[in-house]
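Q: So I've got this file, coords-v2.txt, and it contains compact mmCIF, C-alpha atoms:
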# COMPACT_ATOMS: atom_id res chain seq x y z
CA MET A 1 -38.61 -5.71 -3.67
CA PRO A 2 -37.03 -9.17 -4.02
CA ARG A 3 -34.43 -10.11 -1.44
CA PHE A 4 -31.24 -11.95 -2.28
CA GLN A 5 -28.59 -13.79 -0.37
CA ALA A 6 -25.08 -13.66 -1.71
CA ARG A 7 -21.69 -15.04 -0.87
CA VAL A 8 -18.46 -13.85 -2.42
CA LEU A 9 -15.40 -16.05 -2.07
CA VAL A 10 -12.13 -14.17 -2.37
CA ARG A 11 -9.00 -16.22 -3.06
CA LEU A 12 -5.38 -15.31 -3.52
CA ARG A 13 -4.41 -15.90 -7.13
CA PRO A 14 -2.59 -19.19 -7.64
CA SER A 15 0.65 -17.40 -8.47
CA VAL A 16 0.65 -15.44 -5.18
CA LEU A 17 2.43 -17.03 -2.21
CA ASP A 18 0.14 -17.62 0.77
CA PRO A 19 2.43 -17.73 3.81
CA ALA A 20 -0.52 -17.92 6.24
CA GLY A 21 -1.83 -20.96 4.37
CA GLU A 22 1.61 -22.56 4.48
CA ALA A 23 1.85 -21.93 8.23
CA ALA A 24 -1.59 -23.48 8.75
CA ARG A 25 -0.56 -26.49 6.66
CA GLY A 26 2.50 -26.92 8.87
CA ALA A 27 0.24 -26.84 11.95
CA ALA A 28 -2.04 -29.43 10.34
CA GLU A 29 0.90 -31.80 10.05
CA ARG A 30 1.76 -31.25 13.70
CA LEU A 31 -1.86 -32.05 14.54
CA GLY A 32 -1.28 -35.37 12.83
CA VAL A 33 -3.40 -34.77 9.74
CA GLU A 34 -1.61 -36.55 6.92
CA GLY A 35 -1.69 -36.15 3.17
CA LEU A 36 -2.57 -32.46 3.07
CA SER A 37 -0.78 -31.21 -0.03
CA LYS A 38 -2.49 -27.82 -0.32
CA LEU A 39 -4.00 -25.31 2.09
CA ARG A 40 -4.75 -21.78 0.93
CA ILE A 41 -6.69 -19.23 2.92
CA GLY A 42 -9.24 -16.84 1.44
CA LYS A 43 -12.24 -14.87 2.63
CA ALA A 44 -15.96 -15.51 2.49
CA VAL A 45 -18.17 -12.41 2.48
CA GLU A 46 -21.87 -13.07 3.18
CA MET A 47 -24.42 -10.46 2.18
CA GLU A 48 -28.13 -9.84 1.91
CA LEU A 49 -29.56 -7.21 -0.37
CA GLU A 50 -32.73 -5.99 -2.00
CA ALA A 51 -32.80 -5.38 -5.74
CA PRO A 52 -35.47 -5.17 -8.48
CA ASP A 53 -34.30 -8.41 -10.09
CA GLU A 54 -31.49 -10.92 -10.09
CA ALA A 55 -29.62 -9.27 -12.96
CA GLU A 56 -29.46 -5.97 -11.06
CA ALA A 57 -28.43 -7.73 -7.84
CA ARG A 58 -25.66 -9.46 -9.76
CA ARG A 59 -24.52 -6.20 -11.34
CA ARG A 60 -24.22 -4.49 -7.94
CA LEU A 61 -22.41 -7.40 -6.35
CA GLU A 62 -19.98 -7.77 -9.22
CA LEU A 63 -19.10 -4.08 -8.94
CA LEU A 64 -18.63 -4.48 -5.19
CA SER A 65 -16.49 -7.59 -5.56
CA ASP A 66 -14.28 -6.15 -8.24
CA ARG A 67 -13.78 -2.73 -6.68
CA LEU A 68 -13.82 -3.32 -2.95
CA LEU A 69 -13.97 -6.91 -1.71
CA ALA A 70 -11.09 -8.18 -3.85
CA ASN A 71 -7.97 -6.66 -5.32
CA PRO A 72 -7.66 -8.09 -8.84
CA VAL A 73 -3.87 -7.62 -8.73
CA ILE A 74 -3.52 -10.44 -6.21
CA GLU A 75 -6.97 -11.97 -5.78
CA ASP A 76 -9.73 -13.77 -7.70
CA TRP A 77 -13.35 -13.90 -6.58
CA THR A 78 -16.49 -15.92 -7.26
CA LEU A 79 -20.08 -14.91 -6.56
CA GLU A 80 -22.89 -17.18 -5.37
CA LEU A 81 -26.32 -15.54 -5.53
CA GLU A 82 -29.82 -16.78 -4.77
CA GLN A 83 -33.19 -15.21 -4.09
CA SER A 84 -34.36 -15.55 -0.48
CA MET B 1 5.12 26.42 0.44
CA SER B 2 3.47 23.79 2.57
CA ILE B 3 2.61 20.13 2.63
CA GLY B 4 -0.42 18.24 3.82
CA VAL B 5 -0.37 14.94 5.70
CA ILE B 6 -3.62 12.99 5.26
CA VAL B 7 -4.85 11.49 8.53
CA PHE B 8 -7.14 8.44 8.46
CA PRO B 9 -8.71 6.72 11.45
CA GLY B 10 -5.86 4.40 12.41
CA SER B 11 -2.99 6.41 10.94
CA ASN B 12 -0.13 6.45 13.45
CA CYS B 13 2.83 8.02 11.65
CA ASP B 14 1.16 11.32 10.77
CA ARG B 15 2.75 13.13 13.73
CA ASP B 16 6.11 11.53 12.97
CA VAL B 17 5.94 12.94 9.46
CA GLN B 18 5.08 16.39 10.79
CA TRP B 19 7.90 16.15 13.34
CA ALA B 20 10.30 15.34 10.52
CA THR B 21 9.10 17.83 7.90
CA GLU B 22 8.34 20.73 10.21
CA GLY B 23 10.58 20.04 13.19
CA CYS B 24 13.67 18.79 11.37
CA LEU B 25 13.37 20.38 7.95
CA GLY B 26 11.39 23.56 8.64
CA ILE B 27 8.70 22.82 6.05
CA SER B 28 5.27 24.20 6.89
CA THR B 29 3.06 21.15 7.46
CA ARG B 30 -0.60 20.64 8.22
CA ARG B 31 -2.34 17.41 9.06
CA VAL B 32 -5.49 16.96 6.96
CA TRP B 33 -8.44 14.89 8.17
CA HIS B 34 -9.44 12.33 5.55
CA GLU B 35 -12.91 13.88 5.16
CA GLU B 36 -11.49 17.16 3.87
CA THR B 37 -11.62 17.60 0.11
CA ASP B 38 -9.73 20.81 -0.60
CA LEU B 39 -6.03 20.10 -1.15
CA SER B 40 -5.45 23.20 -3.30
CA SER B 41 -3.36 25.03 -0.70
CA PHE B 42 -0.67 22.32 -0.62
CA ASP B 43 2.45 21.88 -2.72
CA ALA B 44 2.78 18.20 -1.83
CA ILE B 45 0.81 15.52 0.00
CA VAL B 46 2.04 12.73 2.28
CA LEU B 47 0.06 9.58 3.05
CA PRO B 48 1.52 8.38 6.36
CA GLY B 49 2.05 4.95 7.85
CA GLY B 50 -0.30 3.20 10.22
CA PHE B 51 -3.36 1.02 9.93
CA SER B 52 -5.97 3.08 8.13
CA TYR B 53 -9.46 1.82 8.99
CA GLY B 54 -7.79 -1.00 10.90
CA ASP B 55 -6.54 -2.38 7.57
CA TYR B 56 -9.90 -4.15 7.38
CA LEU B 57 -10.47 -6.18 4.20
CA ARG B 58 -6.96 -5.39 2.90
CA CYS B 59 -4.39 -2.76 3.79
CA GLY B 60 -5.54 0.51 2.25
CA ALA B 61 -8.72 -0.97 0.73
CA ILE B 62 -11.15 1.23 2.66
CA ALA B 63 -8.96 4.33 2.92
CA ARG B 64 -9.00 4.44 -0.86
CA PHE B 65 -12.62 5.66 -0.75
CA ALA B 66 -11.94 8.56 1.63
CA PRO B 67 -13.09 11.96 0.30
CA ALA B 68 -9.57 13.39 0.55
CA LEU B 69 -8.28 10.69 -1.76
CA GLN B 70 -10.78 11.50 -4.49
CA SER B 71 -9.23 14.98 -4.41
CA LEU B 72 -5.77 13.41 -4.32
CA ILE B 73 -6.41 11.76 -7.70
CA ASP B 74 -6.93 15.23 -9.21
CA PHE B 75 -3.96 16.62 -7.27
CA ALA B 76 -1.70 13.90 -8.68
CA ALA B 77 -3.13 14.25 -12.19
CA LYS B 78 -2.01 17.90 -12.16
CA GLY B 79 1.52 16.77 -11.33
CA GLY B 80 1.42 17.45 -7.59
CA ARG B 81 3.99 15.50 -5.58
CA VAL B 82 2.62 12.65 -3.53
CA LEU B 83 4.59 10.51 -1.08
CA GLY B 84 3.09 7.33 0.36
CA ILE B 85 4.99 5.79 3.26
CA CYS B 86 4.25 2.20 4.39
CA ASN B 87 0.45 2.13 4.81
CA GLY B 88 0.47 5.20 2.53
CA PHE B 89 2.18 3.09 -0.15
CA GLN B 90 -0.48 0.42 0.30
CA VAL B 91 -3.19 3.06 -0.11
CA LEU B 92 -1.57 4.39 -3.31
CA THR B 93 -1.64 0.92 -4.89
CA GLU B 94 -5.27 0.38 -3.88
CA LEU B 95 -6.10 3.81 -5.28
CA GLY B 96 -4.40 2.94 -8.57
CA LEU B 97 -1.88 5.80 -8.49
CA LEU B 98 0.86 3.15 -8.35
CA PRO B 99 0.72 -0.40 -9.80
CA GLY B 100 0.94 -3.68 -7.90
CA ALA B 101 -0.08 -4.60 -4.37
CA LEU B 102 1.46 -5.14 -0.93
CA THR B 103 0.81 -8.53 0.67
CA ARG B 104 1.67 -10.53 3.78
CA ASN B 105 5.41 -10.82 4.44
CA ARG B 106 6.88 -14.09 3.19
CA ASP B 107 7.76 -15.31 6.69
CA LEU B 108 4.62 -13.88 8.36
CA HIS B 109 6.61 -11.79 10.83
CA PHE B 110 6.01 -8.14 11.49
CA ILE B 111 9.48 -6.84 10.68
CA CYS B 112 10.81 -3.84 12.59
CA GLU B 113 14.46 -3.14 11.83
CA ASP B 114 16.86 -0.93 9.91
CA ALA B 115 16.89 -1.98 6.27
CA PRO B 116 19.87 -1.49 3.97
CA LEU B 117 18.52 -0.12 0.69
CA LYS B 118 19.85 0.42 -2.81
CA VAL B 119 18.89 3.29 -5.05
CA VAL B 120 17.74 1.65 -8.28
CA SER B 121 16.90 4.84 -10.14
CA GLN B 122 18.09 8.36 -9.47
CA ARG B 123 15.80 9.66 -12.19
CA THR B 124 13.30 11.40 -9.93
CA ALA B 125 13.71 14.30 -7.52
CA TRP B 126 13.02 11.95 -4.61
CA MET B 127 16.27 10.06 -5.18
CA GLN B 128 18.55 12.68 -6.62
CA GLY B 129 20.28 13.40 -3.35
CA TYR B 130 21.52 9.85 -2.89
CA ASN B 131 24.70 9.92 -4.89
CA ASP B 132 26.40 6.99 -3.22
CA GLY B 133 23.54 4.68 -4.24
CA ALA B 134 22.94 3.23 -0.79
CA LEU B 135 21.01 4.26 2.31
CA THR B 136 19.54 2.82 5.48
CA LEU B 137 15.96 3.42 6.60
CA PRO B 138 13.81 1.76 9.25
CA ILE B 139 11.08 -0.62 8.13
CA ALA B 140 8.10 -1.64 10.26
CA HIS B 141 5.46 -3.73 8.52
CA GLY B 142 3.68 -7.05 8.40
CA GLU B 143 2.38 -6.66 4.86
CA GLY B 144 5.11 -5.20 2.74
CA ARG B 145 5.76 -7.91 0.19
CA TYR B 146 5.45 -6.13 -3.13
CA GLN B 147 3.56 -8.18 -5.70
CA CYS B 148 2.84 -7.49 -9.34
CA SER B 149 2.41 -9.35 -12.61
CA ASP B 150 5.36 -10.01 -14.91
CA GLU B 151 3.94 -7.42 -17.32
CA THR B 152 3.76 -4.79 -14.60
CA LEU B 153 7.31 -5.57 -13.50
CA LYS B 154 8.53 -5.13 -17.06
CA GLN B 155 6.63 -1.86 -17.31
CA LEU B 156 8.23 -0.62 -14.09
CA GLN B 157 11.65 -1.53 -15.44
CA ASP B 158 10.96 0.03 -18.84
CA GLU B 159 9.77 3.25 -17.20
CA ASP B 160 12.73 3.26 -14.80
CA ALA B 161 10.12 3.44 -12.04
CA ILE B 162 11.74 1.20 -9.43
CA ALA B 163 13.18 3.74 -7.02
CA LEU B 164 14.50 1.60 -4.17
CA SER B 165 15.28 -2.05 -3.55
CA TYR B 166 16.16 -4.00 -0.42
CA GLY B 167 19.71 -5.15 0.14
CA ASN B 168 18.49 -8.30 1.89
CA ASN B 169 14.82 -8.58 0.79
CA PRO B 170 13.35 -9.18 4.25
CA ASN B 171 9.74 -9.70 3.12
CA GLY B 172 9.90 -11.57 -0.20
CA SER B 173 9.06 -8.65 -2.49
CA VAL B 174 9.15 -9.21 -6.24
CA SER B 175 12.53 -8.14 -7.58
CA ASP B 176 13.51 -6.92 -4.06
CA ILE B 177 11.30 -3.85 -4.56
CA ALA B 178 11.07 -1.44 -1.62
CA GLY B 179 9.71 1.63 -3.41
CA ILE B 180 8.37 2.68 -6.82
CA THR B 181 7.31 5.84 -8.60
CA ASN B 182 4.77 6.54 -11.30
CA ALA B 183 6.01 7.09 -14.85
CA SER B 184 6.39 10.85 -14.44
CA GLY B 185 8.13 10.49 -11.08
CA SER B 186 5.74 12.77 -9.19
CA VAL B 187 4.35 9.98 -6.99
CA LEU B 188 6.60 7.84 -4.76
CA GLY B 189 5.45 4.92 -2.62
CA LEU B 190 7.80 3.02 -0.33
CA MET B 191 7.59 0.67 2.64
CA PRO B 192 10.60 2.10 4.56
CA HIS B 193 10.07 5.13 6.81
CA PRO B 194 12.15 8.17 5.77
CA GLU B 195 10.43 10.28 8.46
CA ARG B 196 12.04 8.10 11.15
CA ALA B 197 15.51 8.86 9.82
CA CYS B 198 15.73 12.64 9.97
CA ASP B 199 17.71 13.24 13.15
CA PRO B 200 21.05 11.72 14.20
CA ALA B 201 19.62 11.16 17.69
CA THR B 202 16.96 8.78 16.38
CA GLY B 203 18.62 6.53 13.88
CA GLY B 204 20.32 8.50 11.15
CA THR B 205 19.46 11.14 8.61
CA ASP B 206 19.12 9.17 5.39
CA GLY B 207 15.44 10.10 5.12
CA ARG B 208 15.96 13.84 4.98
CA ARG B 209 16.74 14.24 1.29
CA MET B 210 13.67 12.28 0.30
CA LEU B 211 11.42 14.53 2.39
CA GLU B 212 13.17 17.67 1.18
CA ALA B 213 12.17 16.56 -2.33
CA LEU B 214 8.51 17.13 -1.39
CA LEU B 215 9.15 20.78 -2.23
CA GLY B 216 11.45 20.04 -5.15
How does the structure come out when it is put into structure tokens?

A:
Amino acid sequence: MPRFQARVLVRLRPSVLDPAGEAARGAAERLGVEGLSKLRIGKAVEMELEAPDEAEARRRLELLSDRLLANPVIEDWTLELEQS
Amino acid sequence: MSIGVIVFPGSNCDRDVQWATEGCLGISTRRVWHEETDLSSFDAIVLPGGFSYGDYLRCGAIARFAPALQSLIDFAAKGGRVLGICNGFQVLTELGLLPGALTRNRDLHFICEDAPLKVVSQRTAWMQGYNDGALTLPIAHGEGRYQCSDETLKQLQDEDAIALSYGNNPNGSVSDIAGITNASGSVLGLMPHPERACDPATGGTDGRRMLEALLG
């Protein structure tokens, strides 16, 4: 059975305020890092799985991302997938 | 007549709810482990506050898949009354029984204080006892900022489904929302804690009428 490595990036939708990102941006300024106009915090979920083919692996991971890893009301997600 | 309080790993207001419903109001109450699936003996279900499954991933995201909640979908579809308090409200949005989502408070603080609230709609049984239109309930949450799309907000307004709003919007919620119902009014989710306001000795009694509405 082919093995795949996957990474799902979950981001808050652009319209949703990210207070943790704003707080981190404030700390970056205090660190002396200049010019940082945007800092938004998301999640990276790394996975390995076995599936008959890439299409099936993608189908499973899209279901997982849409139903569990992200909440479409407030978050977007992107999937990176490659065979090991 | 009895109510069930679903208990998840990490729930911490389940006993408070039982103290309020059974101890203060005399309503027969049983705590139900989240792996149980038979809710048929109950007239109403409460999802209590706390940190179900450690709030891993997102608040309520993992609790949503608990066996008891698959039964809860059927229970609610038959018109059974469901009350989600704090983490319970978060679970109801993840489960899809209520629209929107609860996110990190605007100012990042965990807020623990008495919140002045306004009754936005007296349409449902939950709110019918509040004739003066104002009440005070404790809030205690870090992720209580209600978020939804403009379309969802309009739908909530059109359905008269916004039950409660904050007087001072402590967390940045859309449209000051503190609690909403579904269209039929059988399901209520709110961030404030009515179960902590059922005895004059512990901060007022404004929560009593809402809990009495569990049994109509």

Q: Using only C-alpha atoms - which residues lie no farther than 12 Å from the point (-25.5, -10.2, -5.9) in the file's frame? Write them as number ranges by chain.

A: A: 2-8, 45-65, 78-84

Q: Go ahead and write the residues just picked, C-alpha atoms, as a CSV table (one decimal), in the coordinates of the input.

A:
chain,number,residue,atom,x,y,z
A,2,PRO,CA,-37.0,-9.2,-4.0
A,3,ARG,CA,-34.4,-10.1,-1.4
A,4,PHE,CA,-31.2,-12.0,-2.3
A,5,GLN,CA,-28.6,-13.8,-0.4
A,6,ALA,CA,-25.1,-13.7,-1.7
A,7,ARG,CA,-21.7,-15.0,-0.9
A,8,VAL,CA,-18.5,-13.8,-2.4
A,45,VAL,CA,-18.2,-12.4,2.5
A,46,GLU,CA,-21.9,-13.1,3.2
A,47,MET,CA,-24.4,-10.5,2.2
A,48,GLU,CA,-28.1,-9.8,1.9
A,49,LEU,CA,-29.6,-7.2,-0.4
A,50,GLU,CA,-32.7,-6.0,-2.0
A,51,ALA,CA,-32.8,-5.4,-5.7
A,52,PRO,CA,-35.5,-5.2,-8.5
A,53,ASP,CA,-34.3,-8.4,-10.1
A,54,GLU,CA,-31.5,-10.9,-10.1
A,55,ALA,CA,-29.6,-9.3,-13.0
A,56,GLU,CA,-29.5,-6.0,-11.1
A,57,ALA,CA,-28.4,-7.7,-7.8
A,58,ARG,CA,-25.7,-9.5,-9.8
A,59,ARG,CA,-24.5,-6.2,-11.3
A,60,ARG,CA,-24.2,-4.5,-7.9
A,61,LEU,CA,-22.4,-7.4,-6.4
A,62,GLU,CA,-20.0,-7.8,-9.2
A,63,LEU,CA,-19.1,-4.1,-8.9
A,64,LEU,CA,-18.6,-4.5,-5.2
A,65,SER,CA,-16.5,-7.6,-5.6
A,78,THR,CA,-16.5,-15.9,-7.3
A,79,LEU,CA,-20.1,-14.9,-6.6
A,80,GLU,CA,-22.9,-17.2,-5.4
A,81,LEU,CA,-26.3,-15.5,-5.5
A,82,GLU,CA,-29.8,-16.8,-4.8
A,83,GLN,CA,-33.2,-15.2,-4.1
A,84,SER,CA,-34.4,-15.6,-0.5

Q: Within 9 Å of stretch 72-84 of chain B, counting all atoms listed in the file, which residues show up once you throw out same-chain ones fewer than 6 positions away? Write them as JSON, numbers by chain, please.

A: {"B": [37, 39, 40, 42, 43, 44, 45, 46, 47, 48, 49, 90, 91, 92, 95, 97, 184, 185, 186, 187, 188, 189, 190, 191, 211, 213, 214, 215, 216]}

Q: Could you list the residues in chain A lying within 7 Å of chain B, using all atoms listed in the file, and format the result as a ChimeraX atom specification?

A: /A:19-20,68-69,73

Q: Using atom CA of B:Val17 and atom CA of B:Thr124 as the two end points, give the distance in Å to one decimal.

A: 20.8 Å

Q: Pick out the residues sitting within 10 Å of B:Gly204, and hand them over as a PyMOL selection string; count all atoms listed in the file, and ignore anything fewer than 5 positions along from it in its own chain.

A: chain B and resi 135-138+194+196-199

Q: Within 9 Å of stretch 31-39 of chain A, counting all atoms listed in the file, which residues show up once you throw out same-chain ones fewer than 4 positions away? Write them as a list in words, please.

A: Asp18, Gly21, Glu22, Ala24, Arg25, Gly26 and Ala27 of chain A

Q: For the point (13.0, 2.0, 10.6) in the file's frame, write as a PyMOL selection string all residues with an atom no more than 7 Å away, counting all atoms listed in the file.

A: chain B and resi 112-114+137-140+192-193+196

Q: Between atom CA of B:Ala66 and atom CA of B:Gly50, what is the spacing in Å?

A: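 Going from atom CA of B:Gly50 over to atom CA of B:Ala66, I get 15.4 Å.
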
Q: Within 9 Å of B:Ala163, counting only C-alpha atoms, which residues qualify if same-chain residues fewer than 2 places away don't, as an MDAnalysis selection string?

A: chainID B and resid 118:124 126:127 160:161 165 177:181 188:190

Q: Quick one: axis-aligned box around all listed atoms of stretch 34-41 of chain A, 5 Å on every side, centre and edge lengths in Å to one decimal, written as lines of an AutoDock Vina configuration file.

A:
center_x = -3.7
center_y = -27.9
center_z = 3.3
size_x = 15.9
size_y = 27.3
size_z = 17.2

Q: Just write stretch 35-73 of chain A with C-alpha atoms, as an mmCIF file, in the first residue's frame, taken from the block above.

A:
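That gives us result.cif:
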data_model
loop_
_atom_site.group_PDB
_atom_site.id
_atom_site.type_symbol
_atom_site.label_atom_id
_atom_site.label_comp_id
_atom_site.auth_asym_id
_atom_site.auth_seq_id
_atom_site.Cartn_x
_atom_site.Cartn_y
_atom_site.Cartn_z
ATOM 1 C CA GLY A 35 8.244 46.689 9.399
ATOM 2 C CA LEU A 36 6.026 43.771 10.371
ATOM 3 C CA SER A 37 2.615 44.783 9.065
ATOM 4 C CA LYS A 38 0.872 41.418 9.412
ATOM 5 C CA LEU A 39 1.161 38.423 11.727
ATOM 6 C CA ARG A 40 -1.601 35.831 11.821
ATOM 7 C CA ILE A 41 -1.377 32.518 13.626
ATOM 8 C CA GLY A 42 -2.708 29.242 12.262
ATOM 9 C CA LYS A 43 -2.052 25.543 12.735
ATOM 10 C CA ALA A 44 -0.001 23.024 10.805
ATOM 11 C CA VAL A 45 -1.162 19.406 11.059
ATOM 12 C CA GLU A 46 1.358 16.823 9.823
ATOM 13 C CA MET A 47 0.142 13.350 8.942
ATOM 14 C CA GLU A 48 1.239 10.084 7.400
ATOM 15 C CA LEU A 49 -1.210 7.631 5.937
ATOM 16 C CA GLU A 50 -1.538 4.597 3.732
ATOM 17 C CA ALA A 51 -4.019 4.609 0.873
ATOM 18 C CA PRO A 52 -4.487 2.700 -2.415
ATOM 19 C CA ASP A 53 -3.668 5.778 -4.496
ATOM 20 C CA GLU A 54 -3.202 9.513 -4.283
ATOM 21 C CA ALA A 55 -6.799 10.315 -5.209
ATOM 22 C CA GLU A 56 -8.096 8.216 -2.318
ATOM 23 C CA ALA A 57 -5.540 9.714 0.082
ATOM 24 C CA ARG A 58 -6.663 13.167 -0.994
ATOM 25 C CA ARG A 59 -10.327 12.274 -0.550
ATOM 26 C CA ARG A 60 -9.755 11.071 3.026
ATOM 27 C CA LEU A 61 -7.664 14.071 3.971
ATOM 28 C CA GLU A 62 -10.112 16.545 2.497
ATOM 29 C CA LEU A 63 -12.916 14.967 4.519
ATOM 30 C CA LEU A 64 -10.754 15.132 7.641
ATOM 31 C CA SER A 65 -9.772 18.746 7.034
ATOM 32 C CA ASP A 66 -13.269 19.928 6.321
ATOM 33 C CA ARG A 67 -15.001 18.057 9.135
ATOM 34 C CA LEU A 68 -12.483 17.950 11.951
ATOM 35 C CA LEU A 69 -9.227 19.864 11.516
ATOM 36 C CA ALA A 70 -10.847 23.152 10.481
ATOM 37 C CA ASN A 71 -14.137 24.851 11.184
ATOM 38 C CA PRO A 72 -15.255 26.383 7.867
ATOM 39 C CA VAL A 73 -17.232 29.053 9.738
#
